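K.L.:
Pasting model_32.tsv here (TSV, C-alpha atoms):
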chain	number	residue	atom	x	y	z
A	595	MET	CA	26.74	25.41	39.87
A	596	HIS	CA	23.37	26.30	38.40
A	597	ASP	CA	23.41	27.67	34.88
A	598	ALA	CA	20.68	30.26	35.36
A	599	LEU	CA	22.67	31.96	38.13
A	600	VAL	CA	25.78	32.04	35.93
A	601	TYR	CA	23.83	33.68	33.09
A	602	ILE	CA	22.45	36.33	35.45
A	603	ALA	CA	25.92	36.88	36.91
A	604	MET	CA	27.41	37.31	33.44
A	605	VAL	CA	24.80	39.91	32.48
A	606	TRP	CA	25.53	41.72	35.77
A	607	ILE	CA	29.28	41.68	35.12
A	608	VAL	CA	28.79	43.03	31.60
A	609	LEU	CA	26.81	45.92	33.09
A	610	LEU	CA	29.64	46.51	35.59
A	611	LEU	CA	32.12	46.44	32.70
A	612	GLY	CA	30.16	49.15	30.88
A	613	TRP	CA	30.13	51.24	34.05
A	614	VAL	CA	33.89	50.86	34.53
A	615	VAL	CA	34.54	51.84	30.89
A	616	ALA	CA	32.40	54.95	31.45
A	617	LEU	CA	34.39	55.68	34.62
A	618	THR	CA	37.63	55.32	32.66
A	619	ILE	CA	36.48	57.80	30.04
A	620	ARG	CA	35.14	60.29	32.60
A	621	SER	CA	38.05	60.08	35.09
A	622	SER	CA	39.51	63.43	36.04
A	623	SER	CA	43.26	62.67	36.19
A	624	VAL	CA	45.80	60.43	34.49
A	625	SER	CA	46.46	58.26	37.56
A	626	GLN	CA	42.74	57.66	38.03
A	627	ARG	CA	42.61	56.56	34.42
A	628	ILE	CA	45.50	54.10	34.94
A	629	ALA	CA	43.71	52.63	37.99
A	630	ALA	CA	40.44	52.37	36.03
A	631	LEU	CA	42.19	50.52	33.18
A	632	ASP	CA	43.52	48.05	35.74
A	633	LEU	CA	39.95	47.67	37.03
A	634	ILE	CA	38.68	46.92	33.50
A	635	ALA	CA	41.12	44.00	33.31
A	636	LEU	CA	39.91	42.65	36.67
A	637	VAL	CA	36.24	42.78	35.64
A	638	LEU	CA	37.17	41.09	32.34
A	639	ILE	CA	38.90	38.30	34.31
A	640	ALA	CA	35.71	37.81	36.33
A	641	LEU	CA	33.70	37.52	33.10
A	642	LEU	CA	36.13	34.98	31.62
A	643	THR	CA	36.01	32.96	34.86
A	644	LEU	CA	32.23	32.66	34.76
A	645	PHE	CA	32.36	31.78	31.06
A	646	SER	CA	34.84	28.96	31.68
A	647	GLN	CA	32.65	27.61	34.52
A	648	LEU	CA	29.56	27.73	32.32
A	649	ARG	CA	31.21	25.88	29.45
A	650	GLY	CA	33.36	23.63	31.69
A	651	VAL	CA	36.38	24.48	29.54
A	652	ALA	CA	39.71	25.57	31.06
A	653	TYR	CA	41.02	27.54	28.06
A	654	PHE	CA	39.18	30.70	29.01
A	655	LEU	CA	41.24	30.81	32.20
A	656	ASP	CA	44.40	30.81	30.07
A	657	ALA	CA	43.01	33.94	28.42
A	658	ALA	CA	42.25	35.34	31.89
A	659	LEU	CA	45.84	34.69	32.98
A	660	ALA	CA	47.13	36.44	29.84
A	661	VAL	CA	44.87	39.43	30.55
A	662	ALA	CA	46.13	39.54	34.15
A	663	LEU	CA	49.79	39.44	33.06
A	664	LEU	CA	49.33	42.12	30.38
A	665	SER	CA	47.38	44.38	32.71
A	666	PHE	CA	50.02	44.03	35.46
A	667	VAL	CA	52.92	44.89	33.14
A	668	GLY	CA	50.91	47.64	31.45
A	669	THR	CA	49.90	49.25	34.74
A	670	ILE	CA	53.46	49.19	36.08
A	671	GLY	CA	54.85	50.63	32.85
A	672	TYR	CA	52.20	53.31	32.56
A	673	ALA	CA	52.62	54.33	36.21
A	674	ARG	CA	56.39	54.61	35.84
A	675	PHE	CA	56.00	56.59	32.64
A	676	HIS	CA	53.53	58.88	34.38
A	677	ALA	CA	55.86	59.43	37.34
A	678	GLN	CA	59.27	59.71	35.68
A	679	GLY	CA	58.71	60.24	31.97
A	680	ARG	CA	60.50	56.99	31.19
A	681	ILE	CA	59.93	53.34	32.05
A	682	PHE	CA	63.47	52.03	32.62
A	683	ARG	CA	66.02	53.71	34.79
B	13	MET	CA	28.57	14.09	38.98
B	14	THR	CA	28.71	17.18	41.10
B	15	PRO	CA	27.11	16.76	44.55
B	16	SER	CA	24.28	19.18	45.13
B	17	TRP	CA	25.77	20.75	48.25
B	18	LEU	CA	28.89	21.61	46.24
B	19	ALA	CA	26.74	23.27	43.57
B	20	TRP	CA	24.99	25.35	46.21
B	21	ALA	CA	28.32	26.29	47.80
B	22	ALA	CA	29.56	27.43	44.39
B	23	ASP	CA	26.37	29.46	43.94
B	24	ALA	CA	26.97	31.12	47.30
B	25	LEU	CA	30.57	31.92	46.27
B	26	VAL	CA	29.39	33.40	42.95
B	27	VAL	CA	26.76	35.58	44.65
B	28	GLY	CA	29.20	36.71	47.34
B	29	GLY	CA	31.91	37.43	44.78
B	30	LEU	CA	29.51	39.45	42.67
B	31	LEU	CA	28.42	41.43	45.72
B	32	VAL	CA	32.01	42.24	46.71
B	33	LEU	CA	32.93	43.07	43.09
B	34	THR	CA	29.97	45.43	42.79
B	35	LEU	CA	30.87	47.10	46.09
B	36	GLY	CA	34.43	47.59	44.81
B	37	VAL	CA	33.26	49.24	41.60
B	38	VAL	CA	30.82	51.45	43.52
B	39	GLY	CA	33.68	52.41	45.83
B	40	PHE	CA	35.87	53.21	42.86
B	41	ALA	CA	33.17	55.42	41.40
B	42	ARG	CA	32.39	57.32	44.58
B	43	MET	CA	35.74	57.79	46.37
B	44	PRO	CA	37.04	61.36	46.03
B	45	ASP	CA	40.67	60.97	44.91
B	46	VAL	CA	42.95	58.36	43.39
B	47	TYR	CA	44.49	57.28	46.71
B	48	ASN	CA	41.06	56.32	48.06
B	49	LYS	CA	39.93	54.85	44.75
B	50	LEU	CA	42.89	52.46	44.82
B	51	HIS	CA	41.69	50.97	48.11
B	52	ALA	CA	38.46	49.87	46.43
B	53	ALA	CA	40.11	48.87	43.15
B	54	SER	CA	42.96	46.79	44.56
B	55	LYS	CA	41.61	45.00	47.63
B	56	THR	CA	37.84	44.71	47.28
B	57	VAL	CA	37.70	43.88	43.59
B	58	VAL	CA	40.55	41.35	43.77
B	59	PHE	CA	38.89	39.39	46.56
B	60	GLY	CA	35.58	39.48	44.70
B	61	VAL	CA	37.26	38.01	41.62
B	62	ALA	CA	39.06	35.46	43.82
B	63	ALA	CA	35.70	34.28	45.21
B	64	LEU	CA	34.39	33.85	41.66
B	65	LEU	CA	37.53	31.86	40.79
B	66	LEU	CA	37.13	29.66	43.86
B	67	ALA	CA	33.59	28.82	42.75
B	68	SER	CA	35.10	26.82	39.90
B	69	VAL	CA	36.03	24.10	42.42
B	70	ALA	CA	32.44	22.86	41.96
B	71	THR	CA	33.19	21.81	38.37
B	72	LEU	CA	35.55	19.10	39.78
B	73	ASP	CA	37.70	19.54	36.67
B	74	VAL	CA	41.39	19.35	37.66
B	75	ALA	CA	42.68	21.48	34.78
B	76	LEU	CA	40.08	24.17	35.41
B	77	VAL	CA	40.59	24.27	39.19
B	78	ALA	CA	44.38	24.38	38.82
B	79	ARG	CA	44.18	27.31	36.42
B	80	ALA	CA	41.67	29.09	38.67
B	81	VAL	CA	44.01	28.74	41.66
B	82	LEU	CA	46.90	29.99	39.49
B	83	VAL	CA	45.00	33.07	38.34
B	84	ALA	CA	43.77	33.82	41.88
B	85	THR	CA	47.30	33.52	43.31
B	86	PHE	CA	48.68	35.75	40.57
B	87	LEU	CA	46.03	38.40	41.19
B	88	VAL	CA	46.50	38.39	44.96
B	89	LEU	CA	50.28	38.73	44.49
B	90	THR	CA	50.31	41.42	41.79
B	91	ALA	CA	47.36	43.69	42.62
B	92	PRO	CA	49.11	45.34	45.62
B	93	VAL	CA	52.23	45.92	43.51
B	94	SER	CA	50.38	47.65	40.68
B	95	ALA	CA	48.23	49.65	43.12
B	96	HIS	CA	51.41	50.80	44.89
B	97	ALA	CA	52.97	51.79	41.57
B	98	VAL	CA	49.93	53.86	40.59
B	99	ALA	CA	49.72	55.55	44.02
B	100	ARG	CA	53.45	56.30	43.99
B	101	ALA	CA	53.20	57.80	40.52
B	102	ALA	CA	50.29	59.99	41.60
B	103	TYR	CA	52.22	61.08	44.69
B	104	GLU	CA	55.39	61.89	42.77
B	105	ARG	CA	53.36	63.99	40.35
B	106	GLY	CA	52.02	65.90	43.33
B	107	GLU	CA	48.40	64.88	42.94
B	108	PRO	CA	46.54	66.32	45.96
B	109	ALA	CA	44.49	64.19	48.34
B	110	ARG	CA	40.92	65.48	48.46
B	111	THR	CA	39.94	63.82	51.72
B	112	ALA	CA	39.18	66.06	54.70
B	113	ARG	CA	41.99	66.11	57.32
B	114	SER	CA	44.40	64.21	55.06
B	115	VAL	CA	48.05	64.58	56.09
B	116	ASP	CA	51.02	64.53	53.70
B	117	GLU	CA	53.74	62.84	55.75
B	118	GLY	CA	56.29	62.68	52.93
B	119	GLY	CA	56.27	66.35	52.13
B	120	ALA	CA	57.17	65.76	48.47
B	121	ALA	CA	53.75	66.43	46.96
B	122	GLY	CA	52.93	70.06	46.35
B	123	ASP	CA	50.22	72.06	48.02
B	124	GLY	CA	47.60	69.55	49.12
In structure tokens, how does this file's structure come out?

P.N.:
Amino acid sequence: MHDALVYIAMVWIVLLLGWVVALTIRSSSVSQRIAALDLIALVLIALLTLFSQLRGVAYFLDAALAVALLSFVGTIGYARFHAQGRIFR
Amino acid sequence: MTPSWLAWAADALVVGGLLVLTLGVVGFARMPDVYNKLHAASKTVVFGVAALLLASVATLDVALVARAVLVATFLVLTAPVSAHAVARAAYERGEPARTARSVDEGGAAGDG
């Protein structure tokens, strides 16, 4: 793992993150916005992964796991609310 | 110390993962409707992130590699479920598919 590549990759992922946030704001329907929010969490996990590899510290991956869990539950809940008007049956 | 071939392999995984991740985001931006967008968002992006996570094997740190494998497994298991939930919600709300020659086999969505 060469540090220069990780720095370049992190800058690239931050640019992608900005693009996905712009896509979320500009999306034309509610379900596209839910999918784009899920995508934001995935790009954020990629950023945290590179950061933990750069520092050699595992704690950032705990944060990545928390982001993954919250985004999964949030996406499921939001999709159910969008479809049925309520989350639990 | 990390062997040099392992460092280069990790570099290759990072570059490949970034490429696949970028392709997924481009696909999400350019696909016409939510059903097509979910293909790019769920499959392509998840495997790009999984390649980035696998690159952490080069650190040879057991705690870091174990957590990376955990996160990758979790993503591969949950991304199809959340994508299915979003697509089902869009379908139940009657969101039309904008692809040419798309066929509604369920018949529940309104006028496509």

K.L.:
Can you tell me how far CA of Leu633 in chain A sits from CA of Ile670 in chain A, in Å to one decimal?

P.N.:
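Computing it gives 13.6 Å between the two atoms.
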
K.L.:
Find the residues in chain A near chain B: any atom within 7 Å counts, using all atoms listed in the file. Write them as a ChimeraX atom specification.

P.N.:
/A:595-596,617,625-626,629,633,640,643,647,650-652,655,659,666,669-670,673-674,676-677

K.L.:
Tell me which protein, DNA and RNA residues are within 12 Å of Tyr601 in chain A, counting only C-alpha atoms, leaving out same-chain ones fewer than 2 positions away, and put them as a list of chain:residue names.

P.N.:
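What passes the distance filter is A:Met595, A:His596, A:Asp597, A:Ala598, A:Leu599, A:Ala603, A:Met604, A:Val605, A:Trp606, A:Ile607, A:Val608, A:Leu641, A:Leu644, A:Phe645, A:Gln647, A:Leu648, A:Arg649, B:Asp23, B:Val26.
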
K.L.:
Rounded to one decimal place, report the CA of Val32 in chain B-CA of Val624 in chain A distance in Å.

P.N.:
25.9 Å

K.L.:
Considering only C-alpha atoms, return as JSON, numbers by chain whatever protein or nucleic-acid residues lie within 8 Å of Ala635 in chain A, sequence-local ones (same chain, fewer than 2 positions apart) excluded.

P.N.:
{"A": [631, 632, 633, 637, 638, 639, 661, 662, 665]}

K.L.:
Could you tell me how far CA of Thr111 in chain B lies from CA of Asn48 in chain B, in Å and to one decimal?

P.N.:
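Here the two named atoms are 8.4 Å from each other.
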
K.L.:
From the list B:His51, B:Arg42, B:Asp116, B:Phe59, which residue is nearest Gly28 in chain B when using only C-alpha atoms?

P.N.:
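Smallest distance to Gly28 in chain B is found for B:Phe59.
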
K.L.:
Nearest to Leu89 in chain B: which of A:Ile628, A:Leu663, A:Val600, A:Ile681 is it, counting all atoms listed in the file?

P.N.:
A:Leu663
